[in-house]
Amino acid sequence: MNLTLKIWRQKDKATPGKFETYKADDISPDMSFLEMLDVVSERAQQNGQEPCAFDHDCREGICGMCSLVINGVPHGPEAATTTCQLHMRKFKDGDVIVIEPWRAAAFPVLRDLVVDRSAFDRIQQKGGFVSINTGGTPDGNALPISKKEADLAMDAASCIGCGACVAACKNASAMLFVAAKVSQYAHLPQGQAERSRRVLAMMEQHDAEGFGSCTNFGECEAVCPKEISVRVIAEMNRDYLRATLVGTDA
Amino acid sequence: MSISLDSKSPTGPLAQRWDKHKFDLKLVNPANKRKFKVIVVGTGLAGGSASATLAELGYDVHAFCFQDSPRRAHSIAAQGGINAAKNYQNDGDSVYRLFYDTIKGGDYRARESNVYRLAQVSTSIIDQCVAQGVPFAREYGGNLSNRSFGGAQVSRTFYARGQTGQQLLLGAYSALSRQIGLGSVKMHYRSEMLDLVMVNGHARGIVTRDLVSGKIETWAADAVVLATGGYGNLFFLSTNAIGSNVTATWRAHKRGALFANPCYTQIHPTCIPVSGDHQSKLTLMSESLRNDGRVWVPKNKEDVAKDPRQIPEEKRDYYLERIYPSFGNLVPRDIASRAAKRMCDEGKGVGPGGLGVYLDFSDAIKRIGKAAVADRYGNLFEMYQRITDESPYEVPMRIYPAVHYTMGGLWVDYNLMSNLPGLHVIGEANFSDHGANRLGASALMQGLADGYFVLPYTIGHYLATSGQKKVTGDEPEFKAAADDVKKRVSSLLSIKGKRSPTSFHRELGKLIWDNAGMARNAKGLQAALDRIPSLREEFWGNLNVLGDGDSYNVALEKAGRVADFMEFAELFCTDALQREESCGGHFREEYQSESGEAERNDDQFTYVAAWNYTGNYGKPELIKEPLIFDEVHLSTRSYK
Ligand SMILES: Cc1cc2nc3c(=O)[nH]c(=O)nc-3n(C[C@H](O)[C@H](O)[C@H](O)COP(=O)(O)OP(=O)(O)OC[C@H]3O[C@@H](n4cnc5c(N)ncnc54)[C@H](O)[C@@H]3O)c2cc1C
Ligand code: SF4
Ligand code: FES
């Protein structure tokens with residue numbers, strides 16, 4: 001099929017960017033979206049144009065690197081699917097496809113479609129862990145955990161840290177991302193000792209990074225490639241409230 | 001000057017070696033640890049766990065990765081699980097059995113002492129990860145759940161749905177994040193190591209390029225750890241992440257580190273077949289699927305194009321169950337891959353180009369129901385459907401082998417130190433524990449064993465005994481290495497030819513796959529060896545990298561990695577040609593039994609082939625480390 005692409009090009013953080021138009025002819029419906037971009041880049045290089053930069057690595061929907069807004073939707077039109085897992089059979093011959101980076105103040109563009117998501121790492125560094133060192137831990141079966149709780153923890157832990165939730169949110173809130181981590185630990189006995197401290201510390205960093213607050217629009221859940229449910233935000237809000245009321249030692 | 005290799009492998013009863021060795025290691029006084037700076041390159045399972053643990057112990061750690069976060073390392077993609085000798089299922093597992101399965105699975109080409117230690121520490125890994133809050137799968141009673149993997153008759157694989165690597169990596173990442181937050185690890189993101197700095201014969205630093213700004217920098221330390229993963233992307237198409245590469249280990253090799261068994265490559269039997277020329281990578285379908293899926297091809301060639309659902313039971317050949325009745329669909333990967341290739345070579349392959357076999361779940365769905373199958377494999381089925389547009393609930397999957405893992409890597413001794421003092425190598429980047437074939441669910445185990453439980457002890461011994469002066473980074477060796485890197489970057493930019501880095505990578509990968517892939521022979525290997533130098537010459541004469549070196553430049557990044565693959569390829573094929581036997585993933589067509597099984601040559605090849613760089617890629621020097629087996633008896637591997 002033949003397509004027209006409007007791709008955001010930007011030299012670096014400081015230089016303003018703009019859309020450029022590319023023809024993508026003879027695209028096979030079996031290609032992944034990123035393979036289509038590979039082909040377009042390859043051809044552009046032949047014509048002396050620098051290839052367009054975009055983040056990607058695993059191309060299996062698990063590393064969370066790929067991050068394109070496709071026709072206004074983070075990760076594009078297919079539900080529960082990362083950009084790298086999206087295939088061209090979801091598009092039609094003659095389509096015009098607009099491709100942009102995540103847009104959020106806390107995610108500055110580094111080049112073209114690549115953004116800086118280190119804010120997510122800094123939030124993790126404040127509390128996204130259980131404070132134990134290597135060694136001296138009890139036997140893995142010493143602490144039974146019900147299948148139900150383990151499954152709920154796993155649902156939340158599936159977050160790939162891609163940032164689509166932020167890109168979709170009108171307030172550029174990262175609550176779904178933060179709450180996914182908070183919820184994982186809240187459902188596990190290992191997470192209890194630091195439960196209050198964790199939620200306060202992570203939310204404090206969330207706000208300091210310039211992410212907005214959640215006003216319950218739910219766009220995050222709709223674009224999340226791992227279908228993280230907004231129930232984790234509700235859970236986190238309860239934990240947050242309790243922590244502010246009773247303090248971190250509770 | 002020839003190098004003599006000392007594996008530092010302890011002697012005495014196998015079960016006591018690691019304890020005794022730990023006791024003999026010199027310790028660094030807790031108050032002094034902070035004075036030692038350690039560079040860790042790579043923050044996947046191996047590097048992430050090592051960085052966190054070293055920082056907890058008090059060392060001053062500087063960690064590097066080329067992605068935008070440690071959480072994105074290739075380890076994240078591991079699906080199936082991690083082995084540990086817990087014997088929770090009460091099915092007769094033990095440290096000894098895990099050791100034995102791993103040595104046998106590796107076709108008797110690994111060091112006994114290392115493998116035994118791996119099996120010993122495996123149980124601590126599970127405890128550690130549980131304590132971190134890794135949400136492993138559980139039974140209704142609340143206990144940890146297990147599944148079976150190839151090459152084992154016990155159920156010892158721990159898993160978190162089909163995302164075990166993700167959850168283990170996020171566990172290591174959480175420990176690492178905690179240390180970064182505490183200021184004990186300085187993390188360098190989007191930063192690629194391009195050279196190793198040697199001072200006074202010891203590894204004392206690295207040269208990096210900041211991938212965003214293009215800045216070339218040097219870093220000085222008391223020891224360097226490489227945890228940079230495997231080099232399966234030599235083949236262009238593999239199940240590895242796009243960025244996986246050989247650069248860090250190759251540059252260290254060119255500074256004197258020996259490269260061991262480079263040709264040992266694992267071809268994974270269950271991957272989604274290639275669909276066209278545009279393909280950028282291959283996708284693995286976890287080995288765990290072979291717990292319930294049955295592999296078959298049509299008995300008659302005339303049936304290969306038919307709808308598989310129309311082919312009656314008696315016209316199907318469940319060839320793994322037929323040839324290997326005791327392991328059936330759960331034979332090790334090398335065996336399953338070669339069997340699939342044989343079926344396709346006989347013209348019984350299905351799908352485009354006849355390069356595929358069926359992996360069928362209809363019996364499992366009948367037996368345990370669709371919901372139970374979905375619970376076990378739902379996310380894998382979805383992934384398959386996204387890529388192929390077919391539902392494995394309705395039609396059997398089509399699978400074909402693909403390059404997956406590299407057992408070879410930098411040579412290390414029992415302390416995980418290379419022949420270059422101070423340079424330690426962990427995880428997939430070293431060669432140590434899997435011999436000629438890795439069993440499923442053992443790479444995660446090895447990466448975390450190295451990072452949490454082995455390196456943190458052994459590196460202390462080096463630091464306590466090396467007797468080296470502090471370096472600051474102002475020594476001439478640092479400037480010289482940085483100048484080399486700058487020169488290389490500008491040469492890549494100055495060629496201004498016609499072909500992209502990817503087009504060269506694709507061509508090289510195909511050459512290696514065709515001649516040194518699933519089956520190898522002397523003629524093909526020689527043909528590849530004849531072709532590589534001219535391809536490399538063309539690369540350096542006709543490469544086209546646009547843009548400059550002082551900014552984010554994806555083509556330049558890629559070109560540097562392809563340039564290293566172009567050099568490394570020759571060593572890879574030289575090693576494969578030298579090893580005149582078939583063992584594990586290394587199958588030489590000249591050495592096989594009547595029924596097509598691999599034939600080892602223990603008299604001549606029971607050694608590790610460690611290669612020394614001589615300045616001439618085609619003529620490396622071979623140094624042999626003989627493998628000594630005190631405990632197991634070398635026998636023909638049988639899964640029948
Ligand atoms: C699809 C797939 C599924 C798998 N499933 C399983 C499984 O179920 N069970 C199992 O046991 N094993 C599995 N494996 C194998 C296993 O995942 C890997 O062998 C293992 O994760 C490697 O870990 P590592 O820490 O050594 O390296 P990696 O995770 O590859 O990490 C490499 C690190 O090095 C960094 N790096 C590399 N080069 C440089 C450089 N030049 N400069 C700076 N940084 C650099 C990267 O940024 C990264 O941080 C699977 C592999 C694949 C491909
Ligand atoms: S919550 Fe979903 S959208 Fe947000 S970072 Fe995690 S996986 Fe991505
Ligand atoms: S490239 Fe890894 S999730 Fe898309």
# chains A, B, ... in the order shown; residues from 1 in each chain; ligands from 1
>>> residues_near_ligand(ligand="ligand 2", cutoff="6 Å", atoms="only C-alpha atoms and all ligand atoms", output="compact mmCIF listing (two decimals) with all heavy atoms, in the first residue's frame")
# COMPACT_ATOMS: atom_id res chain seq x y z
N CYS A 159 3.27 -2.95 34.06
CA CYS A 159 3.59 -1.64 33.47
C CYS A 159 4.98 -1.66 32.85
O CYS A 159 5.92 -2.14 33.46
CB CYS A 159 3.50 -0.55 34.55
SG CYS A 159 4.30 1.00 34.09
N ILE A 160 5.10 -1.16 31.61
CA ILE A 160 6.40 -1.16 30.94
C ILE A 160 7.07 0.21 30.99
O ILE A 160 8.11 0.42 30.35
CB ILE A 160 6.28 -1.66 29.48
CG1 ILE A 160 5.29 -0.80 28.68
CG2 ILE A 160 5.88 -3.13 29.45
CD1 ILE A 160 5.26 -1.13 27.18
N GLY A 161 6.49 1.14 31.72
CA GLY A 161 7.14 2.45 31.87
C GLY A 161 7.30 3.22 30.58
O GLY A 161 8.28 3.95 30.39
N CYS A 162 6.33 3.06 29.67
CA CYS A 162 6.48 3.69 28.36
C CYS A 162 6.14 5.18 28.40
O CYS A 162 6.70 5.97 27.66
CB CYS A 162 5.62 2.99 27.33
SG CYS A 162 3.84 3.06 27.68
N GLY A 163 5.17 5.56 29.23
CA GLY A 163 4.79 6.97 29.31
C GLY A 163 3.60 7.34 28.44
O GLY A 163 3.23 8.52 28.36
N ALA A 164 2.97 6.37 27.80
CA ALA A 164 1.81 6.69 26.96
C ALA A 164 0.69 7.33 27.79
O ALA A 164 -0.02 8.21 27.32
CB ALA A 164 1.29 5.42 26.28
N CYS A 165 0.57 6.88 29.03
CA CYS A 165 -0.47 7.42 29.90
C CYS A 165 -0.30 8.93 30.08
O CYS A 165 -1.27 9.69 30.06
CB CYS A 165 -0.45 6.71 31.26
SG CYS A 165 1.20 6.50 31.97
N LEU A 176 -1.06 7.03 36.60
CA LEU A 176 -1.25 5.60 36.32
C LEU A 176 0.07 4.86 36.48
O LEU A 176 0.12 3.77 37.06
CB LEU A 176 -1.82 5.41 34.90
CG LEU A 176 -2.35 4.00 34.60
CD1 LEU A 176 -3.54 3.65 35.48
CD2 LEU A 176 -2.71 3.85 33.12
N PHE A 177 1.12 5.47 35.98
CA PHE A 177 2.45 4.86 36.10
C PHE A 177 2.85 4.71 37.57
O PHE A 177 3.29 3.64 38.00
CB PHE A 177 3.47 5.74 35.35
CG PHE A 177 4.90 5.44 35.69
CD1 PHE A 177 5.54 4.34 35.16
CD2 PHE A 177 5.60 6.28 36.56
CE1 PHE A 177 6.86 4.06 35.50
CE2 PHE A 177 6.92 6.01 36.90
CZ PHE A 177 7.55 4.89 36.37
N CYS A 224 -3.15 2.67 27.52
CA CYS A 224 -2.10 1.85 28.14
C CYS A 224 -1.94 0.53 27.39
O CYS A 224 -2.88 -0.26 27.32
CB CYS A 224 -2.40 1.58 29.60
SG CYS A 224 -1.19 0.45 30.32
N PRO A 225 -0.76 0.26 26.87
CA PRO A 225 -0.59 -0.99 26.09
C PRO A 225 -0.67 -2.22 26.98
O PRO A 225 -0.87 -3.32 26.48
CB PRO A 225 0.81 -0.84 25.49
CG PRO A 225 1.52 0.13 26.37
CD PRO A 225 0.47 1.07 26.89
N LYS A 226 -0.52 -2.07 28.27
CA LYS A 226 -0.58 -3.23 29.17
C LYS A 226 -1.89 -3.26 29.93
O LYS A 226 -2.03 -4.02 30.91
CB LYS A 226 0.61 -3.21 30.13
CG LYS A 226 1.95 -3.32 29.40
CD LYS A 226 2.11 -4.67 28.70
CE LYS A 226 2.78 -4.49 27.35
NZ LYS A 226 2.95 -5.74 26.60
N ILE A 228 -3.25 -1.43 32.14
CA ILE A 228 -3.23 -1.15 33.57
C ILE A 228 -4.55 -0.42 33.88
O ILE A 228 -4.89 0.56 33.21
CB ILE A 228 -2.03 -0.26 33.96
CG1 ILE A 228 -0.70 -0.86 33.48
CG2 ILE A 228 -2.03 0.03 35.46
CD1 ILE A 228 -0.24 -2.07 34.21
>>> residues_around(residues="A:Ala53", least_positions_apart="2", cutoff="12 Å", atoms="only C-alpha atoms", output="ChimeraX atom specification")
/A:7-12,34,37-38,40-41,49-51,55-56,66-68,99-101,109-115 /B:211-212,547,551-558
>>> residues_around(residues="B:Ala260", least_positions_apart="5", cutoff="7 Å", atoms="only C-alpha atoms", output="short mmCIF file (atom, residue, chain, number, x, y, z; two decimals) with all heavy atoms, in the first residue's frame")
data_model
loop_
_atom_site.label_atom_id
_atom_site.label_comp_id
_atom_site.auth_asym_id
_atom_site.auth_seq_id
_atom_site.Cartn_x
_atom_site.Cartn_y
_atom_site.Cartn_z
N GLY B 408 28.97 -18.37 23.86
CA GLY B 408 30.34 -17.84 23.87
C GLY B 408 30.38 -16.46 24.48
O GLY B 408 29.35 -15.82 24.70
N GLY B 409 31.58 -15.99 24.77
CA GLY B 409 31.75 -14.66 25.34
C GLY B 409 33.17 -14.50 25.83
O GLY B 409 34.02 -15.37 25.58
N LEU B 410 33.43 -13.43 26.56
CA LEU B 410 34.80 -13.25 27.02
C LEU B 410 35.15 -14.35 28.02
O LEU B 410 34.33 -14.75 28.86
CB LEU B 410 34.99 -11.87 27.65
CG LEU B 410 34.92 -10.69 26.68
CD1 LEU B 410 35.22 -9.37 27.40
CD2 LEU B 410 35.86 -10.86 25.49
N TRP B 411 36.37 -14.84 27.92
CA TRP B 411 36.85 -15.89 28.83
C TRP B 411 36.96 -15.31 30.24
O TRP B 411 37.44 -14.17 30.42
CB TRP B 411 38.22 -16.40 28.37
CG TRP B 411 38.74 -17.52 29.21
CD1 TRP B 411 38.50 -18.86 29.04
CD2 TRP B 411 39.55 -17.41 30.39
NE1 TRP B 411 39.11 -19.58 30.03
CE2 TRP B 411 39.76 -18.73 30.87
CE3 TRP B 411 40.11 -16.34 31.10
CZ2 TRP B 411 40.52 -18.99 32.02
CZ3 TRP B 411 40.86 -16.61 32.24
CH2 TRP B 411 41.07 -17.93 32.68
N PHE B 431 31.50 -16.47 28.98
CA PHE B 431 31.29 -17.74 28.30
C PHE B 431 30.98 -18.85 29.29
O PHE B 431 30.84 -20.00 28.91
CB PHE B 431 32.58 -18.12 27.55
CG PHE B 431 33.53 -18.89 28.43
CD1 PHE B 431 33.72 -20.25 28.24
CD2 PHE B 431 34.18 -18.28 29.47
CE1 PHE B 431 34.56 -20.97 29.09
CE2 PHE B 431 35.01 -18.99 30.32
CZ PHE B 431 35.21 -20.33 30.13
N VAL B 608 38.02 -25.50 26.19
CA VAL B 608 37.47 -24.19 25.88
C VAL B 608 38.42 -23.57 24.87
O VAL B 608 39.63 -23.55 25.09
CB VAL B 608 37.44 -23.32 27.15
CG1 VAL B 608 37.00 -21.90 26.82
CG2 VAL B 608 36.56 -23.95 28.21
N ALA B 609 37.87 -23.08 23.76
CA ALA B 609 38.72 -22.40 22.77
C ALA B 609 38.73 -20.92 23.10
O ALA B 609 37.73 -20.24 22.92
CB ALA B 609 38.20 -22.64 21.36
N ALA B 610 39.84 -20.44 23.65
CA ALA B 610 39.95 -19.02 23.99
C ALA B 610 40.88 -18.36 22.98
O ALA B 610 42.00 -18.82 22.76
CB ALA B 610 40.51 -18.87 25.40
N TRP B 611 40.38 -17.32 22.35
CA TRP B 611 41.12 -16.72 21.23
C TRP B 611 41.75 -15.39 21.63
O TRP B 611 41.12 -14.55 22.26
CB TRP B 611 40.18 -16.49 20.05
CG TRP B 611 39.60 -17.75 19.50
CD1 TRP B 611 38.43 -18.33 19.87
CD2 TRP B 611 40.17 -18.60 18.50
NE1 TRP B 611 38.23 -19.49 19.15
CE2 TRP B 611 39.28 -19.68 18.30
CE3 TRP B 611 41.36 -18.56 17.74
CZ2 TRP B 611 39.53 -20.69 17.37
CZ3 TRP B 611 41.60 -19.56 16.82
CH2 TRP B 611 40.70 -20.63 16.64
#
>>> residues_near_ligand(ligand="ligand 1", cutoff="6 Å", atoms="only C-alpha atoms and all ligand atoms", output="PyMOL selection string")
chain B and resi 41-47+64-67+70+73-75+77-82+191-194+227-229+239-240+247-248+284+404+427-429+440-445+447
>>> atom_distance(atom1="atom CA of B:Thr218", atom2="atom CA of B:Phe478")
6.5 Å
>>> residues_around(residues="B:Gly142", least_positions_apart="5", cutoff="6 Å", atoms="only C-alpha atoms", output="JSON, numbers by chain")
{"A": [144, 145, 146, 147]}
>>> atom_distance(atom1="atom CA of B:Asn143", atom2="atom CA of B:Met383")
28.6 Å
>>> closest_atom_pairs(of="chain B", to="ligand 3", cutoff="9 Å", atoms="only C-alpha atoms and all ligand atoms", output="CSV")
residue,atom,partner,partner_atom_place_in_ligand_line,distance
B:Arg72,CA,ligand 3,2 (Fe),7.7
B:Ala77,CA,ligand 3,2 (Fe),8.4
B:Ala241,CA,ligand 3,2 (Fe),7.9
B:Ile242,CA,ligand 3,1 (S),8.4
>>> select_by_dssp(residues="stretch 450-517 of chain B", states="alpha helix (DSSP H)", output="number ranges by chain")
B: 455-465, 476-494, 501-516
>>> interface_residues(of="chain A", to="chain B", cutoff="6 Å", atoms="only C-alpha atoms", output="number ranges by chain")
A: 50, 57-58, 63, 125, 129-130, 137, 139-141, 144-147, 150, 154, 190
>>> write_last_selection(atoms="N, CA and C atoms", output="PDB file, in the first residue's frame")
ATOM      1  N   GLU A  50      18.845  12.720   6.602  1.00  0.00           N
ATOM      2  CA  GLU A  50      19.210  11.983   7.801  1.00  0.00           C
ATOM      3  C   GLU A  50      18.024  11.145   8.277  1.00  0.00           C
ATOM      4  N   ASP A  57      13.644  -0.809  21.073  1.00  0.00           N
ATOM      5  CA  ASP A  57      14.713  -1.788  21.303  1.00  0.00           C
ATOM      6  C   ASP A  57      14.192  -3.208  21.153  1.00  0.00           C
ATOM      7  N   CYS A  58      13.295  -3.641  22.047  1.00  0.00           N
ATOM      8  CA  CYS A  58      12.899  -5.049  22.015  1.00  0.00           C
ATOM      9  C   CYS A  58      12.043  -5.391  20.802  1.00  0.00           C
ATOM     10  N   CYS A  63       9.830  -3.722  26.404  1.00  0.00           N
ATOM     11  CA  CYS A  63      10.876  -2.876  27.005  1.00  0.00           C
ATOM     12  C   CYS A  63      10.368  -1.472  27.314  1.00  0.00           C
ATOM     13  N   GLN A 125      13.301   6.021  41.965  1.00  0.00           N
ATOM     14  CA  GLN A 125      14.410   6.092  42.925  1.00  0.00           C
ATOM     15  C   GLN A 125      13.959   6.595  44.297  1.00  0.00           C
ATOM     16  N   PHE A 129      10.654   0.473  45.492  1.00  0.00           N
ATOM     17  CA  PHE A 129      11.469  -0.684  45.885  1.00  0.00           C
ATOM     18  C   PHE A 129      11.077  -1.127  47.281  1.00  0.00           C
ATOM     19  N   VAL A 130      11.579  -2.313  47.647  1.00  0.00           N
ATOM     20  CA  VAL A 130      11.493  -2.770  49.027  1.00  0.00           C
ATOM     21  C   VAL A 130      12.909  -2.609  49.579  1.00  0.00           C
ATOM     22  N   THR A 137      17.780 -13.389  52.973  1.00  0.00           N
ATOM     23  CA  THR A 137      16.324 -13.321  52.856  1.00  0.00           C
ATOM     24  C   THR A 137      15.722 -14.685  53.210  1.00  0.00           C
ATOM     25  N   ASP A 139      13.236 -18.096  53.048  1.00  0.00           N
ATOM     26  CA  ASP A 139      12.863 -18.999  51.961  1.00  0.00           C
ATOM     27  C   ASP A 139      11.656 -18.456  51.193  1.00  0.00           C
ATOM     28  N   GLY A 140      11.689 -18.629  49.888  1.00  0.00           N
ATOM     29  CA  GLY A 140      10.640 -18.087  49.025  1.00  0.00           C
ATOM     30  C   GLY A 140       9.239 -18.528  49.402  1.00  0.00           C
ATOM     31  N   ASN A 141       9.123 -19.724  49.968  1.00  0.00           N
ATOM     32  CA  ASN A 141       7.801 -20.222  50.353  1.00  0.00           C
ATOM     33  C   ASN A 141       7.466 -19.941  51.818  1.00  0.00           C
ATOM     34  N   PRO A 144       3.346 -17.408  52.444  1.00  0.00           N
ATOM     35  CA  PRO A 144       2.362 -17.726  51.404  1.00  0.00           C
ATOM     36  C   PRO A 144       1.640 -16.450  50.949  1.00  0.00           C
ATOM     37  N   ILE A 145       1.379 -16.358  49.662  1.00  0.00           N
ATOM     38  CA  ILE A 145       0.647 -15.210  49.136  1.00  0.00           C
ATOM     39  C   ILE A 145      -0.484 -15.781  48.297  1.00  0.00           C
ATOM     40  N   SER A 146      -1.691 -15.345  48.540  1.00  0.00           N
ATOM     41  CA  SER A 146      -2.810 -15.953  47.823  1.00  0.00           C
ATOM     42  C   SER A 146      -2.674 -15.674  46.336  1.00  0.00           C
ATOM     43  N   LYS A 147      -3.164 -16.591  45.548  1.00  0.00           N
ATOM     44  CA  LYS A 147      -3.062 -16.448  44.101  1.00  0.00           C
ATOM     45  C   LYS A 147      -3.725 -15.145  43.668  1.00  0.00           C
ATOM     46  N   ALA A 150      -1.446 -12.236  44.460  1.00  0.00           N
ATOM     47  CA  ALA A 150      -0.280 -12.303  43.575  1.00  0.00           C
ATOM     48  C   ALA A 150      -0.673 -11.862  42.169  1.00  0.00           C
ATOM     49  N   MET A 154       0.694  -8.724  40.070  1.00  0.00           N
ATOM     50  CA  MET A 154       1.269  -8.938  38.738  1.00  0.00           C
ATOM     51  C   MET A 154       0.597  -8.053  37.689  1.00  0.00           C
ATOM     52  N   GLN A 190       5.447  -8.140  51.263  1.00  0.00           N
ATOM     53  CA  GLN A 190       6.783  -7.532  51.288  1.00  0.00           C
ATOM     54  C   GLN A 190       6.718  -6.010  51.229  1.00  0.00           C
TER      55      GLN A 190
END
>>> residues_around(residues="B:Ala436", least_positions_apart="6", cutoff="7 Å", atoms="only C-alpha atoms", output="count of residues only")
9
>>> residues_around(residues="stretch 194-199 of chain A", least_positions_apart="4", cutoff="9 Å", atoms="only C-alpha atoms", output="JSON, numbers by chain")
{"A": [126, 127, 128, 129, 130, 131, 178, 179, 182, 185, 186, 190, 203, 204, 236, 239, 240, 242, 243, 244, 246, 247, 248, 249, 250]}
